[in-house]
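J.: Got a structure for you, written out below as structure tokens; questions coming shortly.
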Amino acid sequence: MRMLVVEDDARLRVRLAAHFSAQGWVVDEAQKGAEADYLVREFPCDLAIVDLGLPDVPGVELISRWRLAGQVFPVLVLTARADWQEKVQGLEAGADDYVTKPFYLEELEARVNALLRRVSGRTTERVDYGPVAIDFSARTVSLNNVALELTAYEYNTLAYLAHRAGTVVSKTELTEHLYQQDHDRDSNVIEVFVGRLRRKLDPGGQLQPIETVRGAGYRFALVPVAR
Ligand code: CA
């Protein structure tokens with residue numbers, strides 16, 4: 001998953017980037033609105049955290065522009081004070097939620113996870129897909145109730161495919177959402193990760209959790225089951 005953090009306070013921005021990177025996010029950072037606009041045009045974005053008080057463009061203005069341009073990724077705004085008007089303006093511009101500074105990272109993270117659940121169409125952090133269960137907040141996967149050992153990239157690949165469950169995801173989309181800009185984007189690497197994931201999730205070869213759609217990409221084929 002790829003996140004954009006727009007915050008002119010360098011200390012806070014770096015702290016947020018470090019926190020969410022450790023949670024498996026690819027984080028793009030922008031100090032100003034112009035940089036944020038550029039990143040949104042050039043790179044995909046699964047979620048944005050936007051400080052409303054930016055030095056060049058008001059955060060509200062930035063969000064309005066994105067929405068007018070048809071960008072639908074969830075936006076969480078950071079407001080400097082308990083100013084209800086600013087929050088209302090942010091929400092009216094198209095933000096999905098807000099957090100008032102100062103805040104605990106745990107609260108921000110919980111709100112980020114909630115927005116992602118909504119976009120994914122999930123109601124819980126843990127989802128059972130028959131024998132496979134994924135806990136999206138703990139970043140763990142189990143098969144028949146036995147925890148699987150996945151590397152960070154394997155987990156991120158699986159989580160992204162599951163996030164887009166039912167739709168075909170190209171290798172390009174996977175690399176763009178899972179790697180930093182400067183990372184070597186070799187589609188063979190994706191094939192290796194998917195191959196390993198299949199062996200771990202489906203050692204018997206009967207479940208077919210990740211389908212290959214010839215010439216198009218991959219599709220996460222498991223369907224959530226009520227516990
Ligand atoms: Ca600010």
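Residue names in the structure tokens use chain letters A, B, ... in the order shown, residue numbers from 1 in each chain, and ligand numbers from 1 in the order shown.
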Using only C-alpha atoms and all ligand atoms, determine which residues fall within 12 Å of ligand 1, then list them as a ChimeraX atom specification.
T.: /A:5-13,30-33,50-59,77-81,100-101
J.: Store the residues of this selection in a file with C-alpha atoms, as an mmCIF file, in the first residue's frame.
T.:
```
data_model
loop_
_atom_site.group_PDB
_atom_site.id
_atom_site.type_symbol
_atom_site.label_atom_id
_atom_site.label_comp_id
_atom_site.auth_asym_id
_atom_site.auth_seq_id
_atom_site.Cartn_x
_atom_site.Cartn_y
_atom_site.Cartn_z
ATOM 1 C CA VAL A 5 2.089 12.239 3.882
ATOM 2 C CA VAL A 6 1.739 15.993 3.335
ATOM 3 C CA GLU A 7 3.093 17.866 6.347
ATOM 4 C CA ASP A 8 5.413 20.881 6.524
ATOM 5 C CA ASP A 9 6.530 20.140 10.081
ATOM 6 C CA ALA A 10 9.595 18.051 9.194
ATOM 7 C CA ARG A 11 9.840 16.311 12.558
ATOM 8 C CA LEU A 12 6.238 15.161 12.467
ATOM 9 C CA ARG A 13 6.447 14.184 8.806
ATOM 10 C CA ALA A 30 5.635 16.112 0.676
ATOM 11 C CA GLN A 31 6.524 19.262 2.559
ATOM 12 C CA LYS A 32 4.368 21.555 0.458
ATOM 13 C CA GLY A 33 1.163 21.409 -1.539
ATOM 14 C CA VAL A 50 -2.791 15.902 4.807
ATOM 15 C CA ASP A 51 -1.937 18.705 7.209
ATOM 16 C CA LEU A 52 -4.404 21.533 6.562
ATOM 17 C CA GLY A 53 -1.930 24.288 7.405
ATOM 18 C CA LEU A 54 0.633 24.169 4.606
ATOM 19 C CA PRO A 55 2.988 27.018 3.622
ATOM 20 C CA ASP A 56 1.980 27.329 -0.043
ATOM 21 C CA VAL A 57 -1.511 25.932 -0.673
ATOM 22 C CA PRO A 58 -4.196 25.408 1.990
ATOM 23 C CA GLY A 59 -4.666 21.665 2.546
ATOM 24 C CA VAL A 77 -6.620 15.523 7.550
ATOM 25 C CA LEU A 78 -4.506 16.812 10.399
ATOM 26 C CA THR A 79 -5.806 19.991 11.987
ATOM 27 C CA ALA A 80 -3.599 22.163 14.150
ATOM 28 C CA ARG A 81 -6.190 23.194 16.676
ATOM 29 C CA THR A 100 -6.555 17.040 15.793
ATOM 30 C CA LYS A 101 -2.965 17.796 16.781
#
```
J.: If you take only C-alpha atoms and a cut-off of 12 Å, which residues of region 23-137 of chain A touch region 153-175 of chain A, and what are their nearest atom pairs and distances in Å to one decimal, in chain and number order, as a Markdown table?
T.:
```
| residue | atom | partner | partner_atom | distance |
| --- | --- | --- | --- | --- |
| A:Gln23 | CA | A:Asn156 | CA | 9.7 |
| A:Gly24 | CA | A:Asn156 | CA | 6.6 |
| A:Trp25 | CA | A:Asn156 | CA | 8.3 |
| A:Val26 | CA | A:Asn156 | CA | 9.9 |
| A:Phe43 | CA | A:Glu173 | CA | 10.4 |
| A:Pro44 | CA | A:Glu173 | CA | 8.5 |
| A:Cys45 | CA | A:Glu173 | CA | 11.0 |
| A:Asp46 | CA | A:Tyr160 | CA | 10.1 |
| A:Asn113 | CA | A:His163 | CA | 11.9 |
| A:Leu116 | CA | A:His163 | CA | 8.5 |
| A:Arg117 | CA | A:His163 | CA | 8.6 |
| A:Arg118 | CA | A:His163 | CA | 10.4 |
| A:Val119 | CA | A:His163 | CA | 8.2 |
| A:Ser120 | CA | A:His163 | CA | 5.3 |
| A:Gly121 | CA | A:His163 | CA | 8.5 |
| A:Arg122 | CA | A:His163 | CA | 8.8 |
| A:Glu125 | CA | A:Ala159 | CA | 11.6 |
| A:Arg126 | CA | A:Ala159 | CA | 11.7 |
| A:Val127 | CA | A:Ala162 | CA | 10.0 |
| A:Asp128 | CA | A:Ala162 | CA | 11.5 |
| A:Tyr129 | CA | A:Ala162 | CA | 10.3 |
| A:Val132 | CA | A:Leu158 | CA | 11.6 |
| A:Ala133 | CA | A:Ala162 | CA | 11.1 |
| A:Ile134 | CA | A:Ala159 | CA | 8.2 |
| A:Asp135 | CA | A:Ala159 | CA | 9.4 |
| A:Phe136 | CA | A:Ala159 | CA | 7.3 |
| A:Ser137 | CA | A:Ala159 | CA | 10.5 |
```
J.: Write a file of the just-selected residues containing N, CA and C atoms, as a PDB file, in the first residue's frame.
T.:
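For reference, part23.pdb as written:
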```pdb
ATOM      1  N   GLN A  23       5.020  -0.207   9.244  1.00  0.00           N
ATOM      2  CA  GLN A  23       3.775  -0.977   9.135  1.00  0.00           C
ATOM      3  C   GLN A  23       3.598  -1.551   7.726  1.00  0.00           C
ATOM      4  N   GLY A  24       4.636  -1.433   6.895  1.00  0.00           N
ATOM      5  CA  GLY A  24       4.576  -2.022   5.566  1.00  0.00           C
ATOM      6  C   GLY A  24       4.109  -1.087   4.464  1.00  0.00           C
ATOM      7  N   TRP A  25       3.872   0.173   4.814  1.00  0.00           N
ATOM      8  CA  TRP A  25       3.443   1.123   3.781  1.00  0.00           C
ATOM      9  C   TRP A  25       4.656   1.636   3.004  1.00  0.00           C
ATOM     10  N   VAL A  26       4.443   1.924   1.717  1.00  0.00           N
ATOM     11  CA  VAL A  26       5.405   2.712   0.963  1.00  0.00           C
ATOM     12  C   VAL A  26       4.946   4.144   1.193  1.00  0.00           C
ATOM     13  N   PHE A  43       2.384   9.322  -9.123  1.00  0.00           N
ATOM     14  CA  PHE A  43       2.396   8.016  -8.466  1.00  0.00           C
ATOM     15  C   PHE A  43       1.012   7.644  -7.955  1.00  0.00           C
ATOM     16  N   PRO A  44       0.758   6.339  -7.886  1.00  0.00           N
ATOM     17  CA  PRO A  44      -0.535   5.948  -7.319  1.00  0.00           C
ATOM     18  C   PRO A  44      -0.554   6.236  -5.821  1.00  0.00           C
ATOM     19  N   CYS A  45      -1.740   6.329  -5.267  1.00  0.00           N
ATOM     20  CA  CYS A  45      -1.860   6.625  -3.838  1.00  0.00           C
ATOM     21  C   CYS A  45      -3.050   5.830  -3.299  1.00  0.00           C
ATOM     22  N   ASP A  46      -2.815   5.101  -2.198  1.00  0.00           N
ATOM     23  CA  ASP A  46      -3.913   4.341  -1.591  1.00  0.00           C
ATOM     24  C   ASP A  46      -4.568   5.104  -0.452  1.00  0.00           C
ATOM     25  N   ASN A 113      -6.376   2.585   9.503  1.00  0.00           N
ATOM     26  CA  ASN A 113      -6.851   1.214   9.295  1.00  0.00           C
ATOM     27  C   ASN A 113      -8.354   1.179   9.021  1.00  0.00           C
ATOM     28  N   LEU A 116      -9.032   2.244   5.501  1.00  0.00           N
ATOM     29  CA  LEU A 116      -8.628   1.194   4.569  1.00  0.00           C
ATOM     30  C   LEU A 116      -9.645   0.046   4.550  1.00  0.00           C
ATOM     31  N   ARG A 117     -10.174  -0.272   5.734  1.00  0.00           N
ATOM     32  CA  ARG A 117     -11.225  -1.304   5.814  1.00  0.00           C
ATOM     33  C   ARG A 117     -12.402  -0.905   4.948  1.00  0.00           C
ATOM     34  N   ARG A 118     -12.797   0.373   5.072  1.00  0.00           N
ATOM     35  CA  ARG A 118     -13.955   0.853   4.320  1.00  0.00           C
ATOM     36  C   ARG A 118     -13.709   0.712   2.809  1.00  0.00           C
ATOM     37  N   VAL A 119     -12.516   1.112   2.377  1.00  0.00           N
ATOM     38  CA  VAL A 119     -12.188   1.035   0.950  1.00  0.00           C
ATOM     39  C   VAL A 119     -12.143  -0.416   0.476  1.00  0.00           C
ATOM     40  N   SER A 120     -11.622  -1.297   1.342  1.00  0.00           N
ATOM     41  CA  SER A 120     -11.509  -2.720   0.983  1.00  0.00           C
ATOM     42  C   SER A 120     -12.839  -3.438   1.060  1.00  0.00           C
ATOM     43  N   GLY A 121     -13.840  -2.799   1.701  1.00  0.00           N
ATOM     44  CA  GLY A 121     -15.119  -3.459   1.903  1.00  0.00           C
ATOM     45  C   GLY A 121     -15.065  -4.491   3.012  1.00  0.00           C
ATOM     46  N   ARG A 122     -14.095  -4.335   3.927  1.00  0.00           N
ATOM     47  CA  ARG A 122     -14.006  -5.262   5.072  1.00  0.00           C
ATOM     48  C   ARG A 122     -14.692  -4.620   6.264  1.00  0.00           C
ATOM     49  N   GLU A 125     -10.655  -6.331  11.054  1.00  0.00           N
ATOM     50  CA  GLU A 125      -9.233  -6.410  10.716  1.00  0.00           C
ATOM     51  C   GLU A 125      -8.827  -7.842  10.385  1.00  0.00           C
ATOM     52  N   ARG A 126      -9.485  -8.807  11.066  1.00  0.00           N
ATOM     53  CA  ARG A 126      -9.173 -10.194  10.761  1.00  0.00           C
ATOM     54  C   ARG A 126     -10.244 -10.743   9.826  1.00  0.00           C
ATOM     55  N   VAL A 127      -9.800 -11.323   8.725  1.00  0.00           N
ATOM     56  CA  VAL A 127     -10.757 -11.877   7.774  1.00  0.00           C
ATOM     57  C   VAL A 127     -10.428 -13.339   7.531  1.00  0.00           C
ATOM     58  N   ASP A 128     -11.444 -14.186   7.621  1.00  0.00           N
ATOM     59  CA  ASP A 128     -11.278 -15.610   7.335  1.00  0.00           C
ATOM     60  C   ASP A 128     -11.703 -15.892   5.906  1.00  0.00           C
ATOM     61  N   TYR A 129     -10.790 -16.559   5.182  1.00  0.00           N
ATOM     62  CA  TYR A 129     -11.118 -16.983   3.822  1.00  0.00           C
ATOM     63  C   TYR A 129     -11.048 -18.506   3.831  1.00  0.00           C
ATOM     64  N   VAL A 132      -7.593 -20.036   5.083  1.00  0.00           N
ATOM     65  CA  VAL A 132      -6.628 -18.929   5.204  1.00  0.00           C
ATOM     66  C   VAL A 132      -7.272 -17.788   5.986  1.00  0.00           C
ATOM     67  N   ALA A 133      -6.521 -17.249   6.958  1.00  0.00           N
ATOM     68  CA  ALA A 133      -7.016 -16.072   7.678  1.00  0.00           C
ATOM     69  C   ALA A 133      -5.941 -14.993   7.631  1.00  0.00           C
ATOM     70  N   ILE A 134      -6.367 -13.769   7.367  1.00  0.00           N
ATOM     71  CA  ILE A 134      -5.425 -12.643   7.348  1.00  0.00           C
ATOM     72  C   ILE A 134      -5.861 -11.653   8.421  1.00  0.00           C
ATOM     73  N   ASP A 135      -4.890 -11.250   9.243  1.00  0.00           N
ATOM     74  CA  ASP A 135      -5.145 -10.177  10.204  1.00  0.00           C
ATOM     75  C   ASP A 135      -4.414  -8.950   9.675  1.00  0.00           C
ATOM     76  N   PHE A 136      -5.184  -7.998   9.133  1.00  0.00           N
ATOM     77  CA  PHE A 136      -4.586  -6.854   8.449  1.00  0.00           C
ATOM     78  C   PHE A 136      -3.936  -5.858   9.400  1.00  0.00           C
ATOM     79  N   SER A 137      -4.338  -5.831  10.671  1.00  0.00           N
ATOM     80  CA  SER A 137      -3.655  -4.883  11.558  1.00  0.00           C
ATOM     81  C   SER A 137      -2.432  -5.528  12.201  1.00  0.00           C
TER      82      SER A 137
END
```
J.: For the interface of region 123-142 of chain A with region 197-213 of chain A (cut-off 9 Å, counting only C-alpha atoms), please tabulate each contacting residue of region 123-142 of chain A alongside its nearest pair of atoms and their separation in Å to one decimal, rows sorted by chain and increasing number, as CSV.
T.:
```
residue,atom,partner,partner_atom,distance
A:Pro131,CA,A:Leu207,CA,8.9
A:Val132,CA,A:Leu201,CA,7.1
A:Val141,CA,A:Leu201,CA,8.8
A:Ser142,CA,A:Leu201,CA,8.3
```
J.: Please extract the residues of region 19-204 of chain A with a backbone DSSP assignment of strand (DSSP E) and present them as number ranges by chain.
T.: A: 26-30, 47-51, 75-79, 97-100, 126-129, 132-135, 140-143, 146-147
J.: Given only C-alpha atoms as the basis, pick out the residue of A:Trp84, A:Phe193, A:Tyr98, A:Trp66 nearest to Tyr218 (chain A).
T.: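 Closest residue, counting only C-alpha atoms: A:Phe193.
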J.: Between CA of Ile63 (chain A) and CA of Glu176 (chain A), what is the spacing in Å?
T.: 22.1 Å
J.: Could you pull out the residues in chain A that DSSP calls alpha helix (DSSP H) from the backbone, as a PyMOL selection string?
T.: chain A and resi 10-22+33-42+59-68+84-93+105-120+152-163+171-178+187-201
J.: Quick one: residues within 9 Å of Asp97 (chain A), only C-alpha atoms counted, chain neighbours fewer than 2 positions away excluded, as a ChimeraX atom specification?
T.: /A:74-78,87,90-91,95,99,111-112,115
J.: Rank nothing, just name the residue among A:Ala18, A:Asp186, A:Arg2, A:Ser64 nearest to Leu39 (chain A), using only C-alpha atoms.
T.: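 Of A:Ala18, A:Asp186, A:Arg2, A:Ser64, the one nearest Leu39 (chain A) is A:Arg2, counting only C-alpha atoms.
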J.: What lies within 12 Å of Arg41 (chain A) using only C-alpha atoms, ignoring chain neighbours under 6 positions off, as a VMD selection string?
T.: chain A and resid 4 34 to 35 65 to 66 69 to 71
J.: Write to file, as an mmCIF file, in the first residue's frame, the residues of the selection just made, with C-alpha atoms.
T.:
```cif
data_model
loop_
_atom_site.group_PDB
_atom_site.id
_atom_site.type_symbol
_atom_site.label_atom_id
_atom_site.label_comp_id
_atom_site.auth_asym_id
_atom_site.auth_seq_id
_atom_site.Cartn_x
_atom_site.Cartn_y
_atom_site.Cartn_z
ATOM 1 C CA LEU A 4 1.211 10.140 0.822
ATOM 2 C CA ALA A 34 2.939 21.722 -4.883
ATOM 3 C CA GLU A 35 5.076 18.670 -4.123
ATOM 4 C CA ARG A 65 -8.409 19.786 -6.498
ATOM 5 C CA TRP A 66 -7.760 16.076 -6.139
ATOM 6 C CA ALA A 69 -9.610 15.556 -10.754
ATOM 7 C CA GLY A 70 -11.407 12.317 -9.869
ATOM 8 C CA GLN A 71 -8.966 11.053 -7.214
#
```
